[in-house]
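Text of the file work.txt, holding compact mmCIF, C-alpha atoms:
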```txt
# COMPACT_ATOMS: atom_id res chain seq x y z
CA MET A 1081 -17.81 -25.81 -28.26
CA PRO A 1082 -14.60 -23.76 -28.69
CA GLN A 1083 -13.53 -21.53 -25.82
CA ARG A 1084 -13.92 -17.83 -26.27
CA PRO A 1085 -10.52 -16.14 -26.40
CA LEU A 1086 -9.64 -14.02 -23.39
CA PRO A 1087 -9.53 -10.28 -24.16
CA LEU A 1088 -6.02 -9.78 -22.76
CA ASN A 1089 -5.81 -6.09 -23.64
CA ALA A 1090 -9.08 -5.50 -21.82
CA ILE A 1091 -7.81 -7.44 -18.78
CA HIS A 1092 -4.69 -5.26 -18.70
CA ALA A 1093 -6.85 -2.13 -18.90
CA PHE A 1094 -8.99 -3.45 -16.02
CA ILE A 1095 -5.93 -4.14 -13.83
CA VAL A 1096 -4.48 -0.68 -14.47
CA THR A 1097 -7.83 1.05 -13.92
CA ALA A 1098 -8.43 -0.90 -10.70
CA ARG A 1099 -5.06 0.29 -9.41
CA HIS A 1100 -5.83 3.96 -10.06
CA LEU A 1101 -9.63 3.94 -9.75
CA ASN A 1102 -9.41 6.87 -12.12
CA LEU A 1103 -9.93 6.76 -15.89
CA THR A 1104 -7.68 9.75 -16.57
CA ARG A 1105 -4.66 8.24 -14.79
CA ALA A 1106 -5.33 4.80 -16.28
CA ALA A 1107 -5.49 6.31 -19.78
CA SER A 1108 -2.21 8.14 -19.16
CA GLU A 1109 -0.41 4.95 -18.10
CA LEU A 1110 -1.85 2.96 -21.01
CA CYS A 1111 -1.14 5.78 -23.50
CA ILE A 1112 -4.70 5.69 -24.84
CA THR A 1113 -7.76 7.94 -24.45
CA GLN A 1114 -10.27 7.73 -21.59
CA GLY A 1115 -12.86 6.64 -24.11
CA ALA A 1116 -10.65 3.76 -25.23
CA VAL A 1117 -10.18 2.65 -21.61
CA SER A 1118 -13.95 2.72 -21.07
CA ARG A 1119 -14.52 0.64 -24.21
CA LYS A 1120 -11.99 -1.97 -23.09
CA ILE A 1121 -13.61 -2.22 -19.65
CA ALA A 1122 -17.03 -2.51 -21.27
CA ALA A 1123 -15.79 -5.28 -23.56
CA LEU A 1124 -14.45 -7.26 -20.58
CA GLU A 1125 -17.70 -6.74 -18.66
CA ALA A 1126 -19.64 -8.03 -21.68
CA TRP A 1127 -17.36 -11.07 -21.84
CA LEU A 1128 -17.78 -11.75 -18.11
CA GLY A 1129 -21.49 -10.94 -17.93
CA PHE A 1130 -21.23 -8.61 -14.92
CA SER A 1131 -20.03 -5.12 -14.02
CA LEU A 1132 -16.53 -4.52 -12.70
CA PHE A 1133 -16.92 -0.92 -11.53
CA ASP A 1134 -19.58 1.29 -10.02
CA ARG A 1135 -19.34 4.81 -11.41
CA HIS A 1136 -19.73 7.61 -8.87
CA ALA A 1137 -19.32 11.35 -9.01
CA ARG A 1138 -16.03 11.08 -7.12
CA GLY A 1139 -14.64 8.31 -9.32
CA LEU A 1140 -14.75 4.56 -9.65
CA HIS A 1141 -15.29 1.78 -7.13
CA LEU A 1142 -14.86 -1.92 -7.71
CA THR A 1143 -18.03 -3.97 -7.54
CA PRO A 1144 -17.92 -6.96 -5.18
CA GLN A 1145 -17.50 -9.25 -8.21
CA GLY A 1146 -14.77 -7.02 -9.65
CA ALA A 1147 -12.90 -6.94 -6.32
CA SER A 1148 -13.15 -10.73 -6.04
CA LEU A 1149 -11.85 -11.30 -9.57
CA LEU A 1150 -9.02 -8.75 -9.49
CA PRO A 1151 -6.36 -10.71 -7.49
CA ALA A 1152 -6.57 -13.76 -9.77
CA LEU A 1153 -6.33 -11.66 -12.92
CA GLN A 1154 -3.39 -9.67 -11.49
CA SER A 1155 -1.53 -12.85 -10.59
CA GLY A 1156 -2.24 -14.55 -13.92
CA TYR A 1157 -1.28 -11.50 -15.97
CA GLN A 1158 1.96 -11.04 -13.99
CA GLN A 1159 2.87 -14.70 -14.53
CA MET A 1160 2.36 -14.36 -18.27
CA HIS A 1161 4.38 -11.12 -18.31
CA ASP A 1162 7.25 -12.68 -16.32
CA ALA A 1163 7.34 -15.81 -18.50
CA ALA A 1164 7.38 -13.80 -21.72
CA GLN A 1165 10.04 -11.42 -20.40
CA GLN A 1166 12.26 -14.28 -19.23
CA ALA A 1167 11.96 -16.04 -22.58
CA SER A 1168 12.78 -12.81 -24.36
CA ARG A 1169 15.82 -12.13 -22.16
CA GLN A 1170 17.19 -15.66 -22.61
CA ASN A 1171 17.16 -15.27 -26.37
CA ALA A 1172 18.26 -11.66 -26.41
CA VAL A 1173 21.37 -10.60 -28.23
CA ILE A 1174 24.11 -9.24 -25.97
CA ARG A 1175 25.12 -5.83 -27.24
CA LEU A 1176 28.85 -5.23 -26.79
CA LYS A 1177 30.77 -2.06 -27.63
CA ALA A 1178 34.56 -2.17 -27.98
CA PRO A 1179 37.33 0.08 -29.29
CA THR A 1180 38.81 -0.88 -32.65
CA CYS A 1181 42.24 -1.23 -31.05
CA ALA A 1182 40.94 -4.26 -29.07
CA MET A 1183 39.69 -6.25 -32.07
CA ARG A 1184 42.77 -8.48 -32.49
CA TRP A 1185 42.29 -9.73 -28.94
CA LEU A 1186 38.50 -9.68 -28.78
CA VAL A 1187 37.32 -11.28 -32.01
CA PRO A 1188 39.08 -14.67 -31.53
CA LYS A 1189 37.64 -14.86 -28.02
CA LEU A 1190 34.12 -14.18 -29.30
CA VAL A 1191 34.48 -16.76 -32.07
CA ALA A 1192 35.61 -19.39 -29.55
CA LEU A 1193 32.79 -18.49 -27.15
CA GLU A 1194 30.06 -18.76 -29.77
CA LYS A 1195 31.43 -22.14 -30.87
CA ALA A 1196 31.30 -23.36 -27.28
CA ARG A 1197 27.91 -21.77 -26.56
CA PRO A 1198 25.92 -21.39 -29.82
CA GLU A 1199 22.93 -19.95 -27.93
CA LEU A 1200 25.04 -16.99 -26.82
CA HIS A 1201 25.10 -14.36 -29.55
CA VAL A 1202 27.06 -11.13 -29.25
CA SER A 1203 26.29 -8.13 -31.42
CA LEU A 1204 29.61 -6.29 -31.61
CA THR A 1205 29.91 -2.58 -32.35
CA THR A 1206 33.34 -1.02 -32.79
CA THR A 1207 34.17 2.56 -31.91
CA VAL A 1208 37.08 4.94 -31.60
CA ASP A 1209 35.30 6.68 -28.73
CA HIS A 1210 36.68 5.75 -25.31
CA SER A 1211 33.73 7.11 -23.36
CA SER A 1212 32.87 5.23 -20.17
CA GLN A 1213 29.12 5.39 -20.88
CA LEU A 1214 27.19 2.23 -21.74
CA ASP A 1215 24.57 4.10 -23.79
CA ASN A 1216 22.30 1.38 -25.24
CA PHE A 1217 24.81 -1.45 -24.84
CA ASP A 1218 24.84 -4.28 -22.31
CA ALA A 1219 28.62 -4.13 -21.88
CA ALA A 1220 31.54 -2.08 -23.16
CA ILE A 1221 35.29 -2.58 -23.32
CA LEU A 1222 37.21 0.57 -22.55
CA TYR A 1223 40.77 1.67 -23.17
CA GLY A 1224 42.60 4.16 -20.98
CA SER A 1225 41.96 4.61 -17.28
CA SER A 1226 39.86 2.09 -15.38
CA PRO A 1227 36.50 3.55 -14.28
CA ARG A 1228 35.00 2.75 -10.89
CA HIS A 1229 33.18 -0.60 -10.78
CA SER A 1230 34.86 -1.74 -14.01
CA VAL A 1231 36.53 -5.14 -14.47
CA LEU A 1232 40.22 -5.16 -15.41
CA LEU A 1233 40.93 -7.21 -18.53
CA PHE A 1234 44.64 -6.50 -19.01
CA GLU A 1235 47.24 -3.77 -18.75
CA GLU A 1236 48.77 -2.30 -21.88
CA ALA A 1237 52.43 -3.25 -22.36
CA LEU A 1238 54.34 -2.29 -25.52
CA THR A 1239 57.12 -3.99 -27.46
CA PRO A 1240 58.39 -3.49 -31.05
CA VAL A 1241 57.13 -5.97 -33.65
CA MET A 1242 57.65 -6.45 -37.37
CA ALA A 1243 57.24 -8.97 -40.16
CA LEU A 1244 59.74 -11.83 -40.11
CA SER A 1245 61.20 -10.61 -43.41
CA LEU A 1246 62.33 -7.39 -41.70
CA MET A 1247 64.06 -9.04 -38.76
CA PRO A 1248 67.48 -7.33 -38.40
CA GLY A 1249 70.75 -9.22 -38.23
CA GLU A 1250 71.14 -8.22 -34.60
CA PRO A 1251 67.58 -8.65 -33.33
CA ASP A 1252 68.21 -7.23 -29.87
CA ALA A 1253 70.14 -4.14 -30.95
CA VAL A 1254 68.13 -0.92 -30.79
CA PRO A 1255 70.33 0.91 -33.36
CA SER A 1256 69.40 -1.76 -35.93
CA LEU A 1257 65.94 -0.17 -36.13
CA ALA A 1258 67.25 3.19 -37.33
CA GLU A 1259 66.88 2.52 -41.06
CA MET A 1260 63.37 1.10 -40.80
CA THR A 1261 60.07 2.90 -41.24
CA PHE A 1262 58.55 3.55 -37.84
CA LEU A 1263 54.82 2.88 -37.65
CA HIS A 1264 53.04 4.89 -34.97
CA PRO A 1265 49.72 3.76 -33.45
CA THR A 1266 48.76 7.40 -32.78
CA ALA A 1267 49.10 10.79 -34.43
CA ASP A 1268 52.11 11.54 -32.22
CA SER A 1269 55.19 9.50 -31.28
CA ARG A 1270 54.50 9.01 -27.58
CA ASP A 1271 54.35 5.19 -27.64
CA TRP A 1272 57.68 4.85 -29.42
CA GLN A 1273 59.25 7.52 -27.21
CA LEU A 1274 58.09 5.68 -24.09
CA TRP A 1275 59.69 2.43 -25.27
CA LEU A 1276 62.94 4.11 -26.36
CA GLN A 1277 63.24 5.94 -23.04
CA ALA A 1278 62.96 2.61 -21.23
CA GLN A 1279 65.85 1.27 -23.34
CA GLN A 1280 67.95 4.33 -22.44
CA GLN A 1281 69.23 4.42 -26.01
CA PRO A 1282 68.53 7.53 -28.13
CA LEU A 1283 67.43 6.83 -31.67
CA VAL A 1284 66.54 9.12 -34.54
CA MET A 1285 63.39 7.97 -36.31
CA LYS A 1286 64.01 9.08 -39.89
CA ARG A 1287 60.98 7.60 -41.65
CA ASN A 1288 57.58 7.63 -39.95
CA GLN A 1289 54.01 6.68 -40.71
CA HIS A 1290 51.20 7.55 -38.30
CA PHE A 1291 47.91 5.68 -37.90
CA SER A 1292 44.69 6.43 -36.06
CA THR A 1293 44.60 3.09 -34.19
CA MET A 1294 47.02 0.45 -33.00
CA ASP A 1295 45.19 -2.18 -35.02
CA LEU A 1296 45.98 -0.32 -38.26
CA ALA A 1297 49.65 0.01 -37.30
CA ILE A 1298 49.81 -3.71 -36.51
CA SER A 1299 48.21 -4.59 -39.85
CA ALA A 1300 50.78 -2.44 -41.66
CA ALA A 1301 53.60 -4.17 -39.77
CA ILE A 1302 52.26 -7.61 -40.75
CA GLN A 1303 52.42 -6.53 -44.41
CA GLY A 1304 56.09 -5.60 -43.99
CA PHE A 1305 55.57 -1.84 -44.11
CA GLY A 1306 57.79 -1.19 -41.10
CA VAL A 1307 58.17 -1.70 -37.35
CA THR A 1308 55.57 -0.71 -34.78
CA VAL A 1309 55.21 -0.85 -31.04
CA ALA A 1310 52.21 -2.94 -30.07
CA ASP A 1311 50.55 -4.28 -26.97
CA VAL A 1312 51.81 -7.78 -26.18
CA THR A 1313 48.32 -9.08 -25.38
CA LEU A 1314 46.78 -7.78 -28.59
CA ILE A 1315 49.48 -9.40 -30.76
CA ALA A 1316 49.75 -12.71 -28.90
CA GLU A 1317 48.07 -14.67 -31.69
CA ASP A 1318 50.07 -12.86 -34.41
CA LEU A 1319 53.28 -13.83 -32.64
CA ALA A 1320 52.15 -17.43 -32.19
CA MET A 1321 51.30 -17.69 -35.90
CA ARG A 1322 54.60 -15.98 -36.85
CA ARG A 1323 52.76 -13.20 -38.66
CA LEU A 1324 54.87 -10.93 -36.48
CA VAL A 1325 58.12 -11.29 -34.59
CA ALA A 1326 59.24 -9.41 -31.48
CA PRO A 1327 63.01 -8.90 -31.61
CA PHE A 1328 63.33 -7.46 -28.10
CA ALA A 1329 62.75 -9.18 -24.79
CA GLY A 1330 60.42 -7.54 -22.31
CA SER A 1331 57.87 -4.76 -22.69
CA VAL A 1332 57.02 -1.33 -21.29
CA LYS A 1333 53.77 -0.61 -19.47
CA THR A 1334 52.05 2.60 -20.52
CA GLY A 1335 49.73 2.97 -17.53
CA ALA A 1336 46.67 2.43 -19.73
CA VAL A 1337 44.43 -0.58 -19.27
CA TYR A 1338 41.67 -2.44 -21.08
CA SER A 1339 38.65 -2.79 -18.80
CA LEU A 1340 35.00 -3.77 -19.03
CA ILE A 1341 31.82 -2.17 -17.75
CA ARG A 1342 28.40 -3.85 -17.81
CA ARG A 1343 24.76 -3.45 -16.92
CA PRO A 1344 23.70 -4.58 -13.43
CA PRO A 1345 22.49 -8.20 -13.31
CA SER A 1346 18.92 -7.10 -12.57
CA VAL A 1347 18.57 -5.43 -15.99
CA SER A 1348 20.95 -7.44 -18.16
CA PRO A 1349 20.56 -10.56 -20.34
CA PRO A 1350 21.23 -13.65 -18.20
CA LEU A 1351 24.06 -14.87 -20.43
CA LEU A 1352 25.95 -11.61 -19.95
CA ASP A 1353 27.59 -13.08 -16.83
CA GLU A 1354 29.03 -15.87 -18.95
CA LEU A 1355 30.37 -13.44 -21.56
CA VAL A 1356 32.06 -11.34 -18.87
CA ALA A 1357 33.60 -14.43 -17.24
CA TRP A 1358 34.91 -15.60 -20.63
CA LEU A 1359 36.52 -12.26 -21.41
CA CYS A 1360 38.07 -12.05 -17.93
CA GLU A 1361 39.97 -15.31 -18.33
CA GLN A 1362 43.71 -15.00 -18.70
CA PRO A 1363 44.51 -13.46 -22.12
```

Transcribe the structure of this file into structure tokens.
Amino acid sequence: MPQRPLPLNAIHAFIVTARHLNLTRAASELCITQGAVSRKIAALEAWLGFSLFDRHARGLHLTPQGASLLPALQSGYQQMHDAAQQASRQNAVIRLKAPTCAMRWLVPKLVALEKARPELHVSLTTTVDHSSQLDNFDAAILYGSSPRHSVLLFEEALTPVMALSLMPGEPDAVPSLAEMTFLHPTADSRDWQLWLQAQQQPLVMKRNQHFSTMDLAISAAIQGFGVTVADVTLIAEDLAMRRLVAPFAGSVKTGAVYSLIRRPPSVSPPLLDELVAWLCEQP
């Protein structure tokens, strides 16, 4: 004879009602009406063949049989809940937010990580907002100052880069840049000015193009549009593949950093620790 299926929703209603011993509070927690709670309790009592509560003017009381059954049902229901939650968390997508300027560094690292660990899937959202709030994400990469409790990824350090076809005859001579188009990663010229001040060589930038992100300026430089200043970590792969060349030795730190914030381990997907460790390896 086949077993009768357990009425799990009714068991949950019984556990909640037994905790409150009040139909109104139980209904509020379960987000259903008092009548619906009563029907669920009645259905479980019919399945069991005995009463779970005695109804009194001052509220509910567990019957001896209800009180005896309650601990086992609580334990069993909690075990099912914990097992389902753990399985869900292990297969959950890790939601990562990152600024568009970090994509040249971040995407190759994510591709390599998912090849090494196929079960680890990252849902990446790009943004131009540098807010230090996680919102609905499990982790976020930030650009600018380093918030409290964040993890430092790398410091921003700028150097001029250009396509190989634009390399000047004297690659380490600042004046050789004068006739080029200067590509600016921001709406102003502060990054270029910072680098030029460090060289202690004044230079008039005659032709200029401004971009909203460093990634766009780098892409324009790769296509031979001009020369840009770019972070040495972000362009490491472009330099290795000779998509870009850096004619000047050294770089200038801006004071900005790339850092990472994350959810606490108690409320985060278990594989988030592995993602953070991977991103914190040497760039």

For CA of Arg1105 in chain A and CA of His1092 in chain A, quote the distance in Å rounded to one decimal.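 Between CA of Arg1105 in chain A and CA of His1092 in chain A the gap works out to 14.1 Å.
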
Using all atoms listed in the file, can you tell me which of A:Ala1243, A:Leu1232, A:Ala1182, A:Ala1300 comes closest to Val1325 in chain A?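 Between A:Ala1243, A:Leu1232, A:Ala1182, A:Ala1300, the residue approaching Val1325 in chain A most closely is A:Ala1243.
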
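Going from CA of Ala1301 in chain A to CA of Phe1262 in chain A covers 9.4 Å.
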
Smallest atom-to-atom distance to Val1254 in chain A: which of A:Gln1280, A:Asn1089, A:Gln1083, A:Thr1266, using all atoms listed in the file?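 For Val1254 in chain A, the nearest of the candidates is A:Gln1280.
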
Put the listed atoms of range 1284-1300 of chain A in a box along x, y and z with 6 Å added on every side and give me the centre and edge lengths in Å to one decimal, as AutoDock Vina command-line options.
```
--center_x 55.6 --center_y 2.3 --center_z -37.3 --size_x 33.9 --size_y 25.7 --size_z 20.7
```

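Contact shell of Trp1358 in chain A at 9 Å (only C-alpha atoms; same-chain neighbours under 4 positions omitted): A:Lys1189, A:Leu1190, A:Leu1193, A:Asp1353, A:Glu1354.
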
Pick out the closest residue to Ile1174 in chain A from this set: A:Gln1213, A:Gln1158, A:Ser1225, A:Ser1203. Count all atoms listed in the file.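 Ranking A:Gln1213, A:Gln1158, A:Ser1225, A:Ser1203 by distance to Ile1174 in chain A, first place goes to A:Ser1203.
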
Could you give me, as a compact mmCIF listing (two decimals) with C-alpha atoms, keeping the file's coordinate frame, the residues within 9 Å of Met1294 in chain A, counting only C-alpha atoms and dropping anything in the same chain fewer than 3 positions from it?
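Saved the output as out.txt:
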```txt
# COMPACT_ATOMS: atom_id res chain seq x y z
CA THR A 1180 38.81 -0.88 -32.65
CA CYS A 1181 42.24 -1.23 -31.05
CA ALA A 1182 40.94 -4.26 -29.07
CA HIS A 1264 53.04 4.89 -34.97
CA PRO A 1265 49.72 3.76 -33.45
CA THR A 1266 48.76 7.40 -32.78
CA PHE A 1291 47.91 5.68 -37.90
CA ALA A 1297 49.65 0.01 -37.30
CA ILE A 1298 49.81 -3.71 -36.51
CA SER A 1299 48.21 -4.59 -39.85
CA THR A 1308 55.57 -0.71 -34.78
CA VAL A 1309 55.21 -0.85 -31.04
CA ALA A 1310 52.21 -2.94 -30.07
CA ASP A 1311 50.55 -4.28 -26.97
```

When you look at range 1327-1332 of chain A with a cut-off of 9 Å (counting all atoms listed in the file), what residues show up, excluding the ones that are within fewer than 6 positions of it in the same chain? I need them as a PDB file with C-alpha atoms, in the coordinates of the input.
```pdb
ATOM      1  CA  GLU A1236      48.770  -2.300 -21.880  1.00  0.00           C
ATOM      2  CA  ALA A1237      52.430  -3.250 -22.360  1.00  0.00           C
ATOM      3  CA  LEU A1238      54.340  -2.290 -25.520  1.00  0.00           C
ATOM      4  CA  THR A1239      57.120  -3.990 -27.460  1.00  0.00           C
ATOM      5  CA  PRO A1240      58.390  -3.490 -31.050  1.00  0.00           C
ATOM      6  CA  VAL A1241      57.130  -5.970 -33.650  1.00  0.00           C
ATOM      7  CA  MET A1242      57.650  -6.450 -37.370  1.00  0.00           C
ATOM      8  CA  MET A1247      64.060  -9.040 -38.760  1.00  0.00           C
ATOM      9  CA  PRO A1248      67.480  -7.330 -38.400  1.00  0.00           C
ATOM     10  CA  GLU A1250      71.140  -8.220 -34.600  1.00  0.00           C
ATOM     11  CA  PRO A1251      67.580  -8.650 -33.330  1.00  0.00           C
ATOM     12  CA  ASP A1252      68.210  -7.230 -29.870  1.00  0.00           C
ATOM     13  CA  ALA A1253      70.140  -4.140 -30.950  1.00  0.00           C
ATOM     14  CA  VAL A1254      68.130  -0.920 -30.790  1.00  0.00           C
ATOM     15  CA  LEU A1274      58.090   5.680 -24.090  1.00  0.00           C
ATOM     16  CA  TRP A1275      59.690   2.430 -25.270  1.00  0.00           C
ATOM     17  CA  ALA A1278      62.960   2.610 -21.230  1.00  0.00           C
ATOM     18  CA  ASP A1311      50.550  -4.280 -26.970  1.00  0.00           C
ATOM     19  CA  VAL A1312      51.810  -7.780 -26.180  1.00  0.00           C
TER      20      VAL A1312
END
```
